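A.B. asks: Coordinates in entry_22.tsv, TSV, C-alpha atoms, are listed below.
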```tsv
chain	number	residue	atom	x	y	z
A	268	MET	CA	-0.40	32.91	25.75
A	269	ASP	CA	-4.14	32.52	25.13
A	270	THR	CA	-4.97	28.84	24.60
A	271	SER	CA	-8.73	29.20	24.88
A	272	HIS	CA	-9.19	28.94	21.11
A	273	GLU	CA	-7.16	25.71	21.00
A	274	VAL	CA	-9.14	24.20	23.87
A	275	LEU	CA	-12.42	25.18	22.24
A	276	SER	CA	-11.31	23.67	18.94
A	277	LEU	CA	-10.34	20.43	20.66
A	278	ARG	CA	-13.63	20.23	22.53
A	279	THR	CA	-15.72	20.89	19.45
A	280	THR	CA	-13.86	18.36	17.28
A	281	PRO	CA	-15.96	15.18	17.03
A	282	ILE	CA	-14.65	12.35	19.19
A	283	GLN	CA	-14.57	10.05	16.16
A	284	GLN	CA	-12.34	12.51	14.30
A	285	ARG	CA	-9.95	12.88	17.23
A	286	SER	CA	-9.76	9.10	17.49
A	287	ALA	CA	-9.08	8.78	13.75
A	288	ASP	CA	-6.39	11.47	13.94
A	289	ARG	CA	-4.71	9.72	16.87
A	290	MET	CA	-4.70	6.41	15.01
A	291	GLN	CA	-3.17	8.04	11.93
A	292	SER	CA	-0.52	9.64	14.14
A	293	LEU	CA	0.42	6.22	15.51
A	294	LEU	CA	0.59	4.76	11.99
A	295	ASP	CA	2.69	7.70	10.78
A	296	ALA	CA	5.12	7.17	13.64
A	297	ALA	CA	5.41	3.46	12.88
A	298	ALA	CA	6.07	4.19	9.18
A	299	VAL	CA	8.94	6.57	10.00
A	300	LEU	CA	10.44	4.07	12.44
A	301	ILE	CA	10.33	1.34	9.79
A	302	ASP	CA	12.41	3.52	7.47
A	303	GLU	CA	14.90	4.29	10.24
A	304	GLU	CA	15.24	0.94	12.00
A	305	GLY	CA	13.43	-1.69	9.95
A	306	ILE	CA	10.29	-3.57	10.86
A	307	ASP	CA	11.87	-5.33	13.83
A	308	GLY	CA	12.79	-1.93	15.28
A	309	VAL	CA	9.13	-1.00	15.71
A	310	THR	CA	8.02	-1.45	19.31
A	311	THR	CA	5.04	-0.15	21.26
A	312	THR	CA	7.36	2.07	23.29
A	313	SER	CA	9.13	3.56	20.27
A	314	VAL	CA	5.86	4.23	18.42
A	315	ALA	CA	4.29	5.84	21.48
A	316	TYR	CA	7.35	8.05	22.01
A	317	ARG	CA	7.61	9.06	18.35
A	318	SER	CA	3.90	9.93	18.18
A	319	ARG	CA	4.10	11.88	21.47
A	320	SER	CA	1.57	9.54	22.94
A	321	SER	CA	1.70	6.78	25.56
A	322	VAL	CA	1.83	3.01	25.40
A	323	GLY	CA	-1.56	2.93	27.10
A	324	VAL	CA	-3.11	5.04	24.35
A	325	LEU	CA	-1.51	2.85	21.69
A	326	TYR	CA	-3.06	-0.25	23.24
A	327	ARG	CA	-6.49	1.32	22.92
A	328	TYR	CA	-6.15	1.01	19.15
A	329	PHE	CA	-3.74	-1.90	18.63
A	330	PRO	CA	-3.37	-4.93	20.91
A	331	ASN	CA	0.19	-5.60	19.70
A	332	VAL	CA	2.83	-4.51	17.21
A	333	ASP	CA	1.70	-6.92	14.50
A	334	SER	CA	-1.82	-5.48	14.53
A	335	LEU	CA	-0.27	-2.02	14.15
A	336	LEU	CA	1.86	-3.17	11.22
A	337	LYS	CA	-1.10	-4.86	9.56
A	338	ALA	CA	-3.12	-1.64	9.89
A	339	LEU	CA	-0.26	0.31	8.31
A	340	ALA	CA	-0.04	-2.24	5.47
A	341	GLN	CA	-3.78	-1.90	4.91
A	342	ARG	CA	-3.40	1.87	4.77
A	343	ASN	CA	-0.61	1.44	2.21
A	344	MET	CA	-2.87	-0.70	0.07
A	345	GLN	CA	-5.78	1.71	0.34
A	346	ARG	CA	-3.62	4.69	-0.62
A	347	TYR	CA	-2.19	2.75	-3.54
A	348	MET	CA	-5.57	1.59	-4.83
A	349	ASP	CA	-7.03	5.10	-4.51
A	350	ARG	CA	-4.23	6.48	-6.66
A	351	VAL	CA	-4.52	3.64	-9.16
A	352	GLN	CA	-8.24	4.30	-9.50
A	353	GLU	CA	-7.60	8.01	-10.06
A	354	GLY	CA	-5.09	7.13	-12.78
A	355	ALA	CA	-7.50	4.68	-14.39
A	356	ASP	CA	-10.19	7.37	-14.50
A	357	ARG	CA	-7.80	9.63	-16.42
A	358	ALA	CA	-6.47	6.94	-18.76
A	359	GLY	CA	-7.55	6.54	-22.34
A	360	ALA	CA	-9.90	3.86	-23.61
A	361	ALA	CA	-7.19	1.72	-25.19
A	362	PRO	CA	-6.76	-1.67	-23.49
A	363	TRP	CA	-4.22	-1.60	-20.65
A	364	SER	CA	-3.62	2.12	-21.13
A	365	ALA	CA	-3.67	2.53	-17.34
A	366	TRP	CA	-0.87	0.01	-16.77
A	367	ASP	CA	1.96	2.55	-16.91
A	368	ASN	CA	0.31	4.65	-14.20
A	369	THR	CA	-0.37	1.54	-12.11
A	370	LEU	CA	3.34	0.70	-12.07
A	371	ALA	CA	4.44	4.33	-11.72
A	372	THR	CA	2.23	4.72	-8.65
A	373	TYR	CA	3.80	1.67	-7.03
A	374	VAL	CA	7.30	2.96	-7.76
A	375	ASP	CA	6.41	6.41	-6.44
A	376	MET	CA	5.17	4.92	-3.17
A	377	TYR	CA	8.46	3.00	-2.90
A	378	ARG	CA	10.27	6.30	-3.19
A	379	HIS	CA	8.11	8.59	-1.10
A	380	GLU	CA	5.61	6.75	1.16
A	381	PRO	CA	7.22	6.31	4.60
A	382	GLY	CA	7.69	2.66	5.52
A	383	PHE	CA	6.41	1.36	2.18
A	384	ARG	CA	9.74	0.15	0.85
A	385	HIS	CA	10.13	-2.29	3.74
A	386	LEU	CA	6.50	-3.11	4.57
A	387	GLY	CA	4.62	-2.72	1.29
A	388	PHE	CA	1.19	-4.34	1.56
A	389	GLY	CA	2.29	-6.53	4.45
A	390	ASP	CA	3.31	-9.81	2.83
A	391	ILE	CA	6.36	-9.94	5.07
A	392	ILE	CA	4.02	-10.16	8.07
A	393	VAL	CA	2.01	-12.96	6.46
A	394	GLU	CA	5.18	-14.90	5.68
A	395	ARG	CA	6.62	-14.38	9.16
A	396	ASP	CA	3.45	-15.52	10.90
A	397	LEU	CA	2.67	-18.31	8.42
A	398	ASP	CA	-0.78	-16.77	8.06
A	399	GLU	CA	-3.18	-18.79	5.93
A	400	GLU	CA	-4.87	-15.70	4.51
A	401	PRO	CA	-4.41	-14.98	0.77
A	402	THR	CA	-1.23	-13.16	-0.14
A	403	ASN	CA	-1.62	-9.47	-0.78
A	404	SER	CA	-0.82	-9.92	-4.46
A	405	THR	CA	-3.90	-12.14	-4.59
A	406	VAL	CA	-5.97	-9.49	-2.82
A	407	VAL	CA	-4.76	-6.80	-5.22
A	408	ALA	CA	-5.46	-9.14	-8.16
A	409	ARG	CA	-9.07	-9.43	-7.05
A	410	ILE	CA	-9.41	-5.66	-6.82
A	411	PHE	CA	-7.86	-5.19	-10.27
A	412	ALA	CA	-10.16	-7.88	-11.66
A	413	GLN	CA	-13.18	-5.99	-10.36
A	414	MET	CA	-11.92	-2.78	-11.97
A	415	LEU	CA	-11.33	-4.53	-15.29
A	416	SER	CA	-14.75	-6.16	-15.18
A	417	GLU	CA	-16.47	-2.83	-14.62
A	418	GLU	CA	-14.37	-0.90	-17.15
A	419	HIS	CA	-14.44	-3.44	-20.00
A	420	ASN	CA	-17.62	-5.35	-19.20
A	421	VAL	CA	-15.88	-8.71	-18.96
A	422	PRO	CA	-16.54	-11.54	-16.48
A	423	ILE	CA	-14.16	-12.24	-13.63
A	424	THR	CA	-12.78	-15.73	-14.13
A	425	ASP	CA	-10.23	-17.91	-12.37
A	426	THR	CA	-7.98	-17.48	-15.40
A	427	MET	CA	-8.14	-13.69	-15.13
A	428	LEU	CA	-7.37	-13.82	-11.41
A	429	PHE	CA	-4.45	-16.18	-11.98
A	430	HIS	CA	-2.82	-14.04	-14.67
A	431	LEU	CA	-3.31	-10.86	-12.66
A	432	ASP	CA	-1.77	-12.54	-9.62
A	433	VAL	CA	1.22	-13.66	-11.69
A	434	ALA	CA	1.63	-10.18	-13.22
A	435	ILE	CA	1.53	-8.51	-9.81
A	436	ALA	CA	4.03	-10.99	-8.36
A	437	MET	CA	6.41	-10.32	-11.27
A	438	GLY	CA	6.06	-6.56	-10.97
A	439	VAL	CA	6.57	-6.56	-7.20
A	440	ALA	CA	9.66	-8.77	-7.48
A	441	ILE	CA	11.30	-6.65	-10.18
A	442	VAL	CA	10.57	-3.37	-8.42
A	443	HIS	CA	11.98	-4.82	-5.20
A	444	ARG	CA	15.16	-5.66	-7.11
A	445	ALA	CA	15.23	-2.15	-8.58
A	446	PHE	CA	15.38	-0.67	-5.08
A	447	LEU	CA	17.62	-3.29	-3.49
A	448	TYR	CA	20.82	-1.31	-4.02
A	449	ASN	CA	19.41	2.00	-5.23
A	450	PRO	CA	17.27	4.16	-2.92
A	451	THR	CA	15.59	5.86	-5.88
A	452	GLY	CA	15.18	2.68	-7.94
A	453	ASP	CA	17.26	1.37	-10.82
A	454	LYS	CA	15.54	2.81	-13.90
A	455	LYS	CA	16.55	-0.15	-16.09
A	456	PHE	CA	14.77	-2.62	-13.84
A	457	ILE	CA	11.73	-0.38	-13.53
A	458	GLU	CA	11.49	-0.01	-17.30
A	459	GLU	CA	11.90	-3.76	-17.72
A	460	ALA	CA	9.00	-4.29	-15.31
A	461	ARG	CA	6.85	-1.89	-17.32
A	462	VAL	CA	7.63	-3.58	-20.63
A	463	MET	CA	7.66	-7.22	-19.51
A	464	VAL	CA	4.61	-7.18	-17.24
A	465	GLY	CA	2.71	-4.99	-19.70
A	466	ALA	CA	3.41	-7.46	-22.51
A	467	TYR	CA	2.36	-10.36	-20.30
A	468	LEU	CA	-0.96	-8.71	-19.43
A	469	ARG	CA	-1.74	-7.84	-23.04
A	470	SER	CA	-0.95	-11.35	-24.26
A	471	GLN	CA	-2.72	-13.28	-21.51
A	472	LEU	CA	-5.65	-10.94	-20.92
A	473	PRO	CA	-6.50	-9.21	-24.21
A	474	LEU	CA	-9.16	-6.55	-23.67
A	475	THR	CA	-11.34	-4.52	-26.01
A	476	SER	CA	-11.77	-0.79	-25.69
```
Can you present the structure in this file as structure tokens?
C.D. replies:
Amino acid sequence: MDTSHEVLSLRTTPIQQRSADRMQSLLDAAAVLIDEEGIDGVTTTSVAYRSRSSVGVLYRYFPNVDSLLKALAQRNMQRYMDRVQEGADRAGAAPWSAWDNTLATYVDMYRHEPGFRHLGFGDIIVERDLDEEPTNSTVVARIFAQMLSEEHNVPITDTMLFHLDVAIAMGVAIVHRAFLYNPTGDKKFIEEARVMVGAYLRSQLPLTS
């Protein structure tokens, strides 16, 4: 079998791209393992084996399992925020018209993004390590606040951040309950999250189109 083309392709691929691809492969492997064995089942050996790599290669990118999990959680958040932004760009001008897509995206990632149901944005790591960094709901609230400020030309205030943080915490808790006993999510709980959190946002943070 002629492998010269494959070798040439490998050699001409930028080193940075190969490194990025290898890192994504490690994260993909960790995500699948989380679904199969839970977060505590993720080890450097299992991730290396699943990604067809070696423990030595894994350590080039991540000094320990927690750093790997945190990187995966950050990727989850980035993928979520990218999809939320795309939905906001397509939404109408009516206040909070993008909320349904924001929730639907979160639910869809629960259903289809490997590892997301158990890891999410990584709050379980923060709680386990008693990390003093802001919770991820607070981080997401800040991002949402920036989006709202740019879209509706309103200032970011402590009150806005507080209500967004509360809304996110409510939504996350209800969606978690929706998937607790149902792998595809209990539709009644999901709908209740849409209605209840949407009403809270509209009452506490009224916006103009």
A.B. asks: Please build the interface table for segment 282-378 of chain A against segment 448-463 of chain A with a cut-off of 10 Å, listing for each qualifying residue the nearest atom pair and the distance in Å to one decimal; count only C-alpha atoms, order rows by chain and increasing number, and write it as JSON lines.
C.D. replies:
```
{"residue": "A:Trp366", "atom": "CA", "partner": "A:Arg461", "partner_atom": "CA", "distance": 8.0}
{"residue": "A:Asp367", "atom": "CA", "partner": "A:Arg461", "partner_atom": "CA", "distance": 6.6}
{"residue": "A:Asn368", "atom": "CA", "partner": "A:Arg461", "partner_atom": "CA", "distance": 9.8}
{"residue": "A:Thr369", "atom": "CA", "partner": "A:Arg461", "partner_atom": "CA", "distance": 9.5}
{"residue": "A:Leu370", "atom": "CA", "partner": "A:Arg461", "partner_atom": "CA", "distance": 6.8}
{"residue": "A:Ala371", "atom": "CA", "partner": "A:Arg461", "partner_atom": "CA", "distance": 8.7}
{"residue": "A:Val374", "atom": "CA", "partner": "A:Gly452", "partner_atom": "CA", "distance": 7.9}
{"residue": "A:Asp375", "atom": "CA", "partner": "A:Thr451", "partner_atom": "CA", "distance": 9.2}
{"residue": "A:Tyr377", "atom": "CA", "partner": "A:Thr451", "partner_atom": "CA", "distance": 8.2}
{"residue": "A:Arg378", "atom": "CA", "partner": "A:Thr451", "partner_atom": "CA", "distance": 6.0}
```
A.B. asks: Could I get the residues of segment 375-467 of chain A with an atom no further than 12 Å from an atom of segment 281-296 of chain A, each paired with its nearest atom pair and that distance in Å to one decimal, using all atoms listed in the file, sorted by chain and residue number, as a tab-separated table?
C.D. replies:
```
residue	atom	partner	partner_atom	distance
A:Glu380	CA	A:Asp295	CA	10.1
A:Pro381	CA	A:Asp295	CA	7.8
A:Gly382	CA	A:Asp295	CA	8.8
A:Phe383	CA	A:Asp295	CA	11.3
```
A.B. asks: May I ask which of the residues A:Arg350, A:His379, A:His385, A:His419 is the closest one to Asp302 of chain A, counting all atoms listed in the file?
C.D. replies: A:His385
A.B. asks: Using Å and a single decimal, report how far atom CA of Ser318 of chain A sits from atom CA of Ile306 of chain A.
C.D. replies: 16.6 Å
A.B. asks: Separation of atom CA of Asp432 of chain A and atom CA of Pro473 of chain A, in Å?
C.D. replies: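 Rounded to one decimal, the two atoms are 15.7 Å apart.
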A.B. asks: If you count all atoms listed in the file, which residues fall within 9 Å of Val309 of chain A, apart from same-chain ones fewer than 2 positions away, as a list in words?
C.D. replies: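 The residues that qualify are Ala297, Ala298, Leu300, Ile301, Glu304, Gly305, Ile306, Asp307, Thr311, Thr312, Ser313, Val314, Val332 and Leu336 of chain A.
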A.B. asks: Using only C-alpha atoms, which of the listed residues (A:Arg444, A:Gly438, A:Gly323, A:Ser404) sits closest to Tyr467 of chain A?
C.D. replies: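 Result for the nearest residue to Tyr467 of chain A: A:Gly438.
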A.B. asks: With distances taken over all atoms listed in the file, which residue among A:Ala361, A:Leu472, A:Leu447, A:Ala340 lies nearest Leu428 of chain A?
C.D. replies: A:Leu472
A.B. asks: For Asp333 of chain A, which residue out of A:Pro362, A:Gly354, A:Gly389, A:Pro401 is the nearest one, using all atoms listed in the file?
C.D. replies: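 Ranking A:Pro362, A:Gly354, A:Gly389, A:Pro401 by distance to Asp333 of chain A, first place goes to A:Gly389.
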